[in-house]
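Undergrad: model37.txt (compact mmCIF, N, CA and C atoms) pasted underneath:
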```txt
# COMPACT_ATOMS: atom_id res chain seq x y z
N MET D 6 99.42 185.07 60.29
CA MET D 6 98.02 185.38 60.36
C MET D 6 97.85 186.62 61.22
N MET D 7 97.03 187.53 60.79
CA MET D 7 96.80 188.76 61.52
C MET D 7 95.59 188.59 62.42
N CYS D 8 95.67 189.18 63.60
CA CYS D 8 94.50 189.14 64.48
C CYS D 8 94.07 190.58 64.74
N GLY D 9 92.79 190.74 64.99
CA GLY D 9 92.23 192.06 65.20
C GLY D 9 92.63 192.65 66.54
N MET D 10 92.39 193.94 66.69
CA MET D 10 92.73 194.64 67.92
C MET D 10 91.95 194.08 69.11
N LYS D 11 90.69 193.72 68.89
CA LYS D 11 89.88 193.18 69.98
C LYS D 11 90.46 191.86 70.47
N THR D 12 90.87 191.01 69.56
CA THR D 12 91.49 189.74 69.92
C THR D 12 92.80 189.97 70.66
N LEU D 13 93.59 190.90 70.15
CA LEU D 13 94.86 191.22 70.78
C LEU D 13 94.66 191.77 72.19
N ALA D 14 93.65 192.61 72.38
CA ALA D 14 93.36 193.17 73.70
C ALA D 14 92.93 192.06 74.66
N ARG D 15 92.13 191.14 74.19
CA ARG D 15 91.71 190.01 75.05
C ARG D 15 92.90 189.17 75.46
N MET D 16 93.80 188.91 74.51
CA MET D 16 94.98 188.12 74.82
C MET D 16 95.84 188.83 75.86
N LEU D 17 95.98 190.14 75.74
CA LEU D 17 96.76 190.91 76.70
C LEU D 17 96.13 190.85 78.08
N LEU D 18 94.82 191.01 78.17
CA LEU D 18 94.13 190.96 79.45
C LEU D 18 94.27 189.59 80.09
N ILE D 19 94.08 188.54 79.32
CA ILE D 19 94.21 187.18 79.86
C ILE D 19 95.63 186.95 80.35
N GLY D 20 96.61 187.43 79.60
CA GLY D 20 98.00 187.30 80.03
C GLY D 20 98.27 188.06 81.31
N CYS D 21 97.70 189.25 81.44
CA CYS D 21 97.89 190.05 82.65
C CYS D 21 97.22 189.40 83.85
N LEU D 22 96.03 188.89 83.64
CA LEU D 22 95.33 188.23 84.74
C LEU D 22 96.09 186.99 85.18
N THR D 23 96.68 186.29 84.23
CA THR D 23 97.48 185.12 84.56
C THR D 23 98.69 185.52 85.38
N LEU D 24 99.33 186.63 85.03
CA LEU D 24 100.51 187.08 85.77
C LEU D 24 100.18 187.51 87.19
N THR D 25 98.94 187.91 87.44
CA THR D 25 98.60 188.40 88.76
C THR D 25 98.22 187.27 89.71
N GLN D 26 98.08 186.07 89.20
CA GLN D 26 97.72 184.94 90.04
C GLN D 26 98.97 184.41 90.74
N ALA D 27 98.75 183.79 91.88
CA ALA D 27 99.87 183.20 92.61
C ALA D 27 100.44 182.02 91.81
N PRO D 28 101.75 181.81 91.90
CA PRO D 28 102.34 180.68 91.19
C PRO D 28 101.86 179.37 91.82
N PRO D 29 101.97 178.27 91.10
CA PRO D 29 101.53 176.99 91.66
C PRO D 29 102.29 176.68 92.94
N ALA D 30 101.62 176.00 93.84
CA ALA D 30 102.23 175.66 95.12
C ALA D 30 103.39 174.69 94.91
N ILE D 31 104.40 174.86 95.74
CA ILE D 31 105.56 173.98 95.69
C ILE D 31 105.45 173.03 96.89
N ALA D 32 106.03 171.87 96.77
CA ALA D 32 106.00 170.92 97.88
C ALA D 32 106.74 171.51 99.07
N ASN D 33 106.12 171.49 100.23
CA ASN D 33 106.71 172.00 101.47
C ASN D 33 107.29 173.41 101.31
N PRO D 34 106.49 174.38 100.88
CA PRO D 34 107.04 175.72 100.68
C PRO D 34 107.45 176.34 102.02
N ASN D 35 108.46 177.16 101.96
CA ASN D 35 108.95 177.88 103.13
C ASN D 35 108.00 179.04 103.41
N PRO D 36 107.38 179.08 104.60
CA PRO D 36 106.44 180.17 104.90
C PRO D 36 107.09 181.55 104.80
N ASP D 37 108.35 181.67 105.15
CA ASP D 37 109.04 182.95 105.05
C ASP D 37 109.17 183.38 103.60
N THR D 38 109.45 182.44 102.72
CA THR D 38 109.57 182.76 101.29
C THR D 38 108.22 183.18 100.73
N GLN D 39 107.16 182.48 101.16
CA GLN D 39 105.82 182.85 100.69
C GLN D 39 105.45 184.26 101.14
N LEU D 40 105.78 184.59 102.38
CA LEU D 40 105.48 185.91 102.91
C LEU D 40 106.31 186.99 102.19
N LEU D 41 107.57 186.70 101.96
CA LEU D 41 108.42 187.62 101.21
C LEU D 41 107.84 187.84 99.82
N GLN D 42 107.36 186.79 99.18
CA GLN D 42 106.78 186.92 97.85
C GLN D 42 105.54 187.80 97.89
N GLN D 43 104.69 187.62 98.91
CA GLN D 43 103.51 188.46 99.04
C GLN D 43 103.90 189.93 99.20
N PHE D 44 104.86 190.20 100.07
CA PHE D 44 105.28 191.58 100.31
C PHE D 44 105.90 192.19 99.05
N ALA D 45 106.77 191.44 98.38
CA ALA D 45 107.41 191.95 97.17
C ALA D 45 106.38 192.19 96.06
N THR D 46 105.43 191.28 95.93
CA THR D 46 104.38 191.43 94.93
C THR D 46 103.55 192.68 95.22
N CYS D 47 103.21 192.88 96.47
CA CYS D 47 102.42 194.07 96.83
C CYS D 47 103.22 195.35 96.63
N ALA D 48 104.51 195.32 96.91
CA ALA D 48 105.33 196.51 96.65
C ALA D 48 105.29 196.85 95.16
N GLY D 49 105.34 195.85 94.31
CA GLY D 49 105.23 196.08 92.88
C GLY D 49 103.88 196.63 92.48
N ARG D 50 102.82 196.10 93.08
CA ARG D 50 101.47 196.60 92.78
C ARG D 50 101.31 198.05 93.21
N PHE D 51 101.81 198.38 94.40
CA PHE D 51 101.72 199.77 94.86
C PHE D 51 102.56 200.70 93.97
N SER D 52 103.70 200.21 93.47
CA SER D 52 104.51 201.03 92.56
C SER D 52 103.72 201.35 91.29
N ALA D 53 103.05 200.34 90.75
CA ALA D 53 102.25 200.56 89.54
C ALA D 53 101.11 201.54 89.81
N LEU D 54 100.44 201.39 90.96
CA LEU D 54 99.34 202.29 91.30
C LEU D 54 99.85 203.72 91.46
N MET D 55 100.97 203.88 92.15
CA MET D 55 101.53 205.21 92.38
C MET D 55 101.85 205.89 91.04
N GLU D 56 102.47 205.17 90.14
CA GLU D 56 102.81 205.74 88.84
C GLU D 56 101.55 206.06 88.03
N HIS D 57 100.55 205.21 88.13
CA HIS D 57 99.27 205.47 87.45
C HIS D 57 98.63 206.74 88.03
N GLN D 58 98.70 206.89 89.34
CA GLN D 58 98.11 208.05 89.99
C GLN D 58 98.84 209.34 89.64
N TRP D 59 100.12 209.26 89.35
CA TRP D 59 100.84 210.46 88.92
C TRP D 59 100.18 211.04 87.68
N LEU D 60 99.65 210.17 86.83
CA LEU D 60 98.99 210.60 85.60
C LEU D 60 97.53 210.98 85.80
N THR D 61 96.86 210.34 86.73
CA THR D 61 95.41 210.47 86.82
C THR D 61 94.91 211.16 88.09
N ASP D 62 95.66 211.08 89.18
CA ASP D 62 95.19 211.62 90.46
C ASP D 62 96.39 211.87 91.36
N GLY D 63 97.14 212.91 91.04
CA GLY D 63 98.39 213.21 91.74
C GLY D 63 98.34 213.14 93.25
N PRO D 64 97.39 213.82 93.92
CA PRO D 64 97.37 213.79 95.39
C PRO D 64 97.21 212.39 95.99
N ALA D 65 96.50 211.51 95.30
CA ALA D 65 96.31 210.15 95.83
C ALA D 65 97.63 209.38 95.85
N SER D 66 98.59 209.78 95.03
CA SER D 66 99.86 209.07 94.97
C SER D 66 100.65 209.20 96.27
N ASP D 67 100.39 210.24 97.06
CA ASP D 67 101.10 210.40 98.33
C ASP D 67 100.76 209.27 99.30
N GLN D 68 99.48 208.94 99.40
CA GLN D 68 99.08 207.84 100.28
C GLN D 68 99.63 206.51 99.76
N THR D 69 99.57 206.33 98.45
CA THR D 69 100.09 205.10 97.86
C THR D 69 101.59 204.99 98.09
N ALA D 70 102.30 206.10 98.03
CA ALA D 70 103.74 206.09 98.29
C ALA D 70 104.02 205.63 99.72
N GLN D 71 103.18 206.03 100.66
CA GLN D 71 103.34 205.58 102.05
C GLN D 71 103.06 204.08 102.17
N GLN D 72 102.04 203.61 101.46
CA GLN D 72 101.73 202.17 101.49
C GLN D 72 102.88 201.38 100.87
N ARG D 73 103.41 201.88 99.78
CA ARG D 73 104.55 201.24 99.12
C ARG D 73 105.76 201.20 100.05
N ALA D 74 106.01 202.30 100.73
CA ALA D 74 107.15 202.36 101.65
C ALA D 74 106.98 201.36 102.79
N ALA D 75 105.76 201.23 103.30
CA ALA D 75 105.49 200.26 104.37
C ALA D 75 105.76 198.84 103.87
N MET D 76 105.33 198.56 102.65
CA MET D 76 105.54 197.23 102.09
C MET D 76 107.01 196.96 101.83
N LEU D 77 107.73 197.97 101.34
CA LEU D 77 109.17 197.80 101.10
C LEU D 77 109.93 197.58 102.41
N SER D 78 109.44 198.18 103.50
CA SER D 78 110.06 197.94 104.81
C SER D 78 109.91 196.48 105.22
N LEU D 79 108.74 195.93 104.92
CA LEU D 79 108.51 194.52 105.23
C LEU D 79 109.40 193.62 104.35
N VAL D 80 109.54 193.99 103.09
CA VAL D 80 110.42 193.23 102.20
C VAL D 80 111.84 193.27 102.74
N ASP D 81 112.32 194.46 103.08
CA ASP D 81 113.69 194.61 103.58
C ASP D 81 113.91 193.82 104.88
N ALA D 82 112.90 193.81 105.74
CA ALA D 82 113.03 193.09 107.01
C ALA D 82 113.15 191.58 106.81
N MET D 83 112.54 191.08 105.77
CA MET D 83 112.53 189.63 105.53
C MET D 83 113.57 189.17 104.53
N LEU D 84 114.20 190.10 103.83
CA LEU D 84 115.03 189.75 102.68
C LEU D 84 116.34 189.10 103.09
N ASP D 85 116.53 187.91 102.62
CA ASP D 85 117.80 187.20 102.72
C ASP D 85 118.55 187.55 101.43
N PRO D 86 119.82 187.90 101.52
CA PRO D 86 120.55 188.30 100.31
C PRO D 86 120.44 187.30 99.15
N HIS D 87 120.25 186.03 99.48
CA HIS D 87 120.12 185.01 98.44
C HIS D 87 118.79 185.14 97.69
N ASP D 88 117.82 185.82 98.29
CA ASP D 88 116.50 185.96 97.67
C ASP D 88 116.30 187.31 96.99
N ALA D 89 117.32 188.15 96.97
CA ALA D 89 117.16 189.51 96.44
C ALA D 89 116.74 189.52 94.97
N THR D 90 117.33 188.67 94.17
CA THR D 90 116.98 188.63 92.75
C THR D 90 115.55 188.15 92.56
N ARG D 91 115.17 187.10 93.29
CA ARG D 91 113.79 186.61 93.17
C ARG D 91 112.80 187.66 93.65
N ALA D 92 113.11 188.34 94.72
CA ALA D 92 112.20 189.37 95.25
C ALA D 92 112.03 190.50 94.23
N MET D 93 113.10 190.91 93.59
CA MET D 93 113.00 191.95 92.57
C MET D 93 112.17 191.45 91.39
N HIS D 94 112.34 190.20 91.02
CA HIS D 94 111.54 189.62 89.93
C HIS D 94 110.05 189.65 90.29
N TRP D 95 109.71 189.29 91.52
CA TRP D 95 108.31 189.31 91.95
C TRP D 95 107.76 190.73 91.90
N ARG D 96 108.57 191.70 92.34
CA ARG D 96 108.12 193.10 92.31
C ARG D 96 107.86 193.58 90.88
N ILE D 97 108.79 193.32 90.00
CA ILE D 97 108.67 193.79 88.61
C ILE D 97 107.50 193.11 87.90
N THR D 98 107.37 191.81 88.09
CA THR D 98 106.28 191.07 87.45
C THR D 98 104.92 191.60 87.91
N ALA D 99 104.79 191.82 89.21
CA ALA D 99 103.53 192.34 89.74
C ALA D 99 103.27 193.76 89.27
N LYS D 100 104.31 194.57 89.20
CA LYS D 100 104.15 195.95 88.75
C LYS D 100 103.66 196.01 87.30
N VAL D 101 104.24 195.21 86.44
CA VAL D 101 103.85 195.20 85.03
C VAL D 101 102.40 194.72 84.89
N ALA D 102 102.04 193.67 85.60
CA ALA D 102 100.68 193.14 85.52
C ALA D 102 99.67 194.14 86.07
N GLN D 103 100.00 194.76 87.20
CA GLN D 103 99.08 195.74 87.80
C GLN D 103 98.94 196.96 86.90
N ALA D 104 100.02 197.41 86.31
CA ALA D 104 99.96 198.56 85.40
C ALA D 104 99.05 198.26 84.21
N ALA D 105 99.13 197.05 83.70
CA ALA D 105 98.26 196.68 82.58
C ALA D 105 96.79 196.69 83.00
N LEU D 106 96.51 196.16 84.19
CA LEU D 106 95.12 196.19 84.68
C LEU D 106 94.63 197.62 84.86
N LEU D 107 95.46 198.46 85.45
CA LEU D 107 95.07 199.85 85.67
C LEU D 107 94.83 200.58 84.35
N SER D 108 95.66 200.32 83.38
CA SER D 108 95.48 200.95 82.07
C SER D 108 94.19 200.49 81.42
N ARG D 109 93.93 199.20 81.47
CA ARG D 109 92.68 198.68 80.89
C ARG D 109 91.49 199.28 81.61
N ALA D 110 91.55 199.33 82.93
CA ALA D 110 90.43 199.85 83.71
C ALA D 110 90.18 201.32 83.41
N HIS D 111 91.24 202.10 83.33
CA HIS D 111 91.10 203.54 83.18
C HIS D 111 90.86 203.96 81.72
N PHE D 112 91.69 203.50 80.83
CA PHE D 112 91.64 203.99 79.45
C PHE D 112 90.63 203.23 78.58
N ALA D 113 90.43 201.94 78.87
CA ALA D 113 89.48 201.16 78.08
C ALA D 113 88.14 201.02 78.81
N LEU D 114 88.06 201.62 80.00
CA LEU D 114 86.84 201.54 80.81
C LEU D 114 86.39 200.09 81.00
N ASP D 115 87.35 199.24 81.29
CA ASP D 115 87.11 197.81 81.47
C ASP D 115 86.76 197.52 82.93
N ALA D 116 85.49 197.24 83.19
CA ALA D 116 85.01 197.02 84.56
C ALA D 116 85.63 195.78 85.19
N ILE D 117 85.87 194.76 84.42
CA ILE D 117 86.48 193.53 84.96
C ILE D 117 87.90 193.82 85.42
N ALA D 118 88.66 194.52 84.60
CA ALA D 118 90.03 194.89 84.98
C ALA D 118 90.03 195.78 86.21
N ALA D 119 89.06 196.68 86.31
CA ALA D 119 88.95 197.57 87.47
C ALA D 119 88.70 196.77 88.74
N ARG D 120 87.77 195.82 88.67
CA ARG D 120 87.47 194.99 89.85
C ARG D 120 88.67 194.13 90.25
N GLN D 121 89.33 193.56 89.26
CA GLN D 121 90.51 192.72 89.53
C GLN D 121 91.60 193.56 90.18
N SER D 122 91.85 194.73 89.63
CA SER D 122 92.87 195.63 90.17
C SER D 122 92.54 196.03 91.61
N ASP D 123 91.29 196.42 91.84
CA ASP D 123 90.87 196.82 93.18
C ASP D 123 91.02 195.68 94.18
N ALA D 124 90.66 194.48 93.78
CA ALA D 124 90.75 193.32 94.68
C ALA D 124 92.20 193.02 95.04
N LEU D 125 93.08 193.06 94.05
CA LEU D 125 94.49 192.78 94.31
C LEU D 125 95.10 193.83 95.23
N LEU D 126 94.78 195.09 94.98
CA LEU D 126 95.31 196.17 95.83
C LEU D 126 94.73 196.10 97.23
N GLN D 127 93.46 195.74 97.36
CA GLN D 127 92.87 195.62 98.70
C GLN D 127 93.54 194.51 99.50
N GLY D 128 93.87 193.41 98.82
CA GLY D 128 94.61 192.34 99.50
C GLY D 128 95.94 192.84 100.04
N CYS D 129 96.58 193.73 99.30
CA CYS D 129 97.85 194.31 99.76
C CYS D 129 97.62 195.27 100.93
N ARG D 130 96.59 196.07 100.84
CA ARG D 130 96.27 196.99 101.94
C ARG D 130 95.97 196.21 103.22
N ASP D 131 95.30 195.10 103.07
CA ASP D 131 94.98 194.26 104.23
C ASP D 131 96.24 193.77 104.93
N LEU D 132 97.29 193.49 104.17
CA LEU D 132 98.55 193.02 104.75
C LEU D 132 99.19 194.06 105.67
N ILE D 133 98.93 195.35 105.39
CA ILE D 133 99.53 196.40 106.22
C ILE D 133 98.48 197.08 107.11
N GLY D 134 97.31 196.43 107.22
CA GLY D 134 96.28 196.92 108.13
C GLY D 134 95.56 198.16 107.67
N GLN D 135 95.44 198.35 106.36
CA GLN D 135 94.72 199.52 105.84
C GLN D 135 93.56 199.02 104.98
N SER D 136 92.40 199.61 105.23
CA SER D 136 91.24 199.19 104.46
C SER D 136 90.81 200.26 103.49
```
Render the structure in this file as structure tokens.

TA:
Amino acid sequence: MMCGMKTLARMLLIGCLTLTQAPPAIANPNPDTQLLQQFATCAGRFSALMEHQWLTDGPASDQTAQQRAAMLSLVDAMLDPHDATRAMHWRITAKVAQAALLSRAHFALDAIAARQSDALLQGCRDLIGQS
């Protein structure tokens, strides 16, 4: 069965929004692992923003690169070698989801995607004390 472009776009957005949500809570989660996941996720989000800015607003990418570097420093400080694969997975998953939101916001002029993207990035900026 074929579906229209509008339906396909909605499915993509819903999938991206789902990917940007935190995973379900685990029983007795390790606070260090949760913090590492937050830092790795934000590093991925900043990577997506930086690459998006290379296309749309080159000078802004310099500040984002600094934010990304700060987040990667936090990841490195907390990284246990046993968690390296999971941390990279969190980074890549967040980067792909954030890139999709940024593309929808910019190219499709999707206000909901723009607000979601801004909120997620602001949460990351808050982690490193930048508003």

Undergrad: Pick out the closest residue to Arg91 of chain D from this set: D:Leu79, D:Ala45, D:Leu40, D:Ala74. Count all atoms listed in the file.

TA: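 The answer is D:Ala45, which sits nearest to Arg91 of chain D.
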
Undergrad: The centre and edge lengths of an axis-aligned box containing all atoms of segment 51-58 of chain D present in the file, extended by 5 Å on each side, are to be given in Å to one decimal, as JSON.

TA:
```
{"center_x": 101.3, "center_y": 203.9, "center_z": 91.2, "size_x": 16.4, "size_y": 21.0, "size_z": 17.4}
```

Undergrad: Just want the 8 Å neighbourhood of segment 115-130 of chain D, counted on only N, CA and C atoms, with same-chain residues fewer than 2 positions away dropped. Output as a PDB file with N, CA and C atoms, in the coordinates of the input.

TA:
```
ATOM      1  N   LEU D  18      94.820 191.010  78.170  1.00  0.00           N
ATOM      2  CA  LEU D  18      94.130 190.960  79.450  1.00  0.00           C
ATOM      3  C   LEU D  18      94.270 189.590  80.090  1.00  0.00           C
ATOM      4  N   GLN D  43     104.690 187.620  98.910  1.00  0.00           N
ATOM      5  CA  GLN D  43     103.510 188.460  99.040  1.00  0.00           C
ATOM      6  C   GLN D  43     103.900 189.930  99.200  1.00  0.00           C
ATOM      7  N   PHE D  44     104.860 190.200 100.070  1.00  0.00           N
ATOM      8  CA  PHE D  44     105.280 191.580 100.310  1.00  0.00           C
ATOM      9  C   PHE D  44     105.900 192.190  99.050  1.00  0.00           C
ATOM     10  N   THR D  46     105.430 191.280  95.930  1.00  0.00           N
ATOM     11  CA  THR D  46     104.380 191.430  94.930  1.00  0.00           C
ATOM     12  C   THR D  46     103.550 192.680  95.220  1.00  0.00           C
ATOM     13  N   CYS D  47     103.210 192.880  96.470  1.00  0.00           N
ATOM     14  CA  CYS D  47     102.420 194.070  96.830  1.00  0.00           C
ATOM     15  C   CYS D  47     103.220 195.350  96.630  1.00  0.00           C
ATOM     16  N   ALA D  48     104.510 195.320  96.910  1.00  0.00           N
ATOM     17  CA  ALA D  48     105.330 196.510  96.650  1.00  0.00           C
ATOM     18  C   ALA D  48     105.290 196.850  95.160  1.00  0.00           C
ATOM     19  N   ARG D  50     102.820 196.100  93.080  1.00  0.00           N
ATOM     20  CA  ARG D  50     101.470 196.600  92.780  1.00  0.00           C
ATOM     21  C   ARG D  50     101.310 198.050  93.210  1.00  0.00           C
ATOM     22  N   PHE D  51     101.810 198.380  94.400  1.00  0.00           N
ATOM     23  CA  PHE D  51     101.720 199.770  94.860  1.00  0.00           C
ATOM     24  C   PHE D  51     102.560 200.700  93.970  1.00  0.00           C
ATOM     25  N   GLN D  72     102.040 203.610 101.460  1.00  0.00           N
ATOM     26  CA  GLN D  72     101.730 202.170 101.490  1.00  0.00           C
ATOM     27  C   GLN D  72     102.880 201.380 100.870  1.00  0.00           C
ATOM     28  N   GLN D 103     100.000 194.760  87.200  1.00  0.00           N
ATOM     29  CA  GLN D 103      99.080 195.740  87.800  1.00  0.00           C
ATOM     30  C   GLN D 103      98.940 196.960  86.900  1.00  0.00           C
ATOM     31  N   ALA D 105      99.130 197.050  83.700  1.00  0.00           N
ATOM     32  CA  ALA D 105      98.260 196.680  82.580  1.00  0.00           C
ATOM     33  C   ALA D 105      96.790 196.690  83.000  1.00  0.00           C
ATOM     34  N   LEU D 106      96.510 196.160  84.190  1.00  0.00           N
ATOM     35  CA  LEU D 106      95.120 196.190  84.680  1.00  0.00           C
ATOM     36  C   LEU D 106      94.630 197.620  84.860  1.00  0.00           C
ATOM     37  N   LEU D 107      95.460 198.460  85.450  1.00  0.00           N
ATOM     38  CA  LEU D 107      95.070 199.850  85.670  1.00  0.00           C
ATOM     39  C   LEU D 107      94.830 200.580  84.350  1.00  0.00           C
ATOM     40  N   SER D 108      95.660 200.320  83.380  1.00  0.00           N
ATOM     41  CA  SER D 108      95.480 200.950  82.070  1.00  0.00           C
ATOM     42  C   SER D 108      94.190 200.490  81.420  1.00  0.00           C
ATOM     43  N   ARG D 109      93.930 199.200  81.470  1.00  0.00           N
ATOM     44  CA  ARG D 109      92.680 198.680  80.890  1.00  0.00           C
ATOM     45  C   ARG D 109      91.490 199.280  81.610  1.00  0.00           C
ATOM     46  N   ALA D 110      91.550 199.330  82.930  1.00  0.00           N
ATOM     47  CA  ALA D 110      90.430 199.850  83.710  1.00  0.00           C
ATOM     48  C   ALA D 110      90.180 201.320  83.410  1.00  0.00           C
ATOM     49  N   HIS D 111      91.240 202.100  83.330  1.00  0.00           N
ATOM     50  CA  HIS D 111      91.100 203.540  83.180  1.00  0.00           C
ATOM     51  C   HIS D 111      90.860 203.960  81.720  1.00  0.00           C
ATOM     52  N   PHE D 112      91.690 203.500  80.830  1.00  0.00           N
ATOM     53  CA  PHE D 112      91.640 203.990  79.450  1.00  0.00           C
ATOM     54  C   PHE D 112      90.630 203.230  78.580  1.00  0.00           C
ATOM     55  N   ALA D 113      90.430 201.940  78.870  1.00  0.00           N
ATOM     56  CA  ALA D 113      89.480 201.160  78.080  1.00  0.00           C
ATOM     57  C   ALA D 113      88.140 201.020  78.810  1.00  0.00           C
ATOM     58  N   LEU D 132      97.290 193.490 104.170  1.00  0.00           N
ATOM     59  CA  LEU D 132      98.550 193.020 104.750  1.00  0.00           C
ATOM     60  C   LEU D 132      99.190 194.060 105.670  1.00  0.00           C
ATOM     61  N   ILE D 133      98.930 195.350 105.390  1.00  0.00           N
ATOM     62  CA  ILE D 133      99.530 196.400 106.220  1.00  0.00           C
ATOM     63  C   ILE D 133      98.480 197.080 107.110  1.00  0.00           C
ATOM     64  N   GLY D 134      97.310 196.430 107.220  1.00  0.00           N
ATOM     65  CA  GLY D 134      96.280 196.920 108.130  1.00  0.00           C
ATOM     66  C   GLY D 134      95.560 198.160 107.670  1.00  0.00           C
ATOM     67  N   GLN D 135      95.440 198.350 106.360  1.00  0.00           N
ATOM     68  CA  GLN D 135      94.720 199.520 105.840  1.00  0.00           C
ATOM     69  C   GLN D 135      93.560 199.020 104.980  1.00  0.00           C
ATOM     70  N   SER D 136      92.400 199.610 105.230  1.00  0.00           N
ATOM     71  CA  SER D 136      91.240 199.190 104.460  1.00  0.00           C
ATOM     72  C   SER D 136      90.810 200.260 103.490  1.00  0.00           C
TER      73      SER D 136
END
```

Undergrad: Report the distance between atom C of Ile97 of chain D and atom N of Gly63 of chain D in Å, rounded to one decimal place.

TA: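 Computing the Euclidean distance for atom C of Ile97 of chain D and atom N of Gly63 of chain D yields 22.6 Å.
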
Undergrad: Between D:Ala104, D:Gln68, D:Gly49, D:Asp131, which residue has the minimum interatomic distance to Val80 of chain D, considering only C-alpha atoms?

TA: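 Checking each of D:Ala104, D:Gln68, D:Gly49, D:Asp131 against Val80 of chain D, counting only C-alpha atoms, the winner is D:Gly49.
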
Undergrad: Give me, please, the distance in Å between atom N of Ser52 of chain D and atom N of Ala82 of chain D, quoted to one decimal.

TA: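 Interatomic distance, atom N of Ser52 of chain D to atom N of Ala82 of chain D: 16.6 Å.
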
Undergrad: Provide the atom CA of Thr98 of chain D to atom CA of Asp62 of chain D distance in Å, to one decimal place.

TA: 23.5 Å
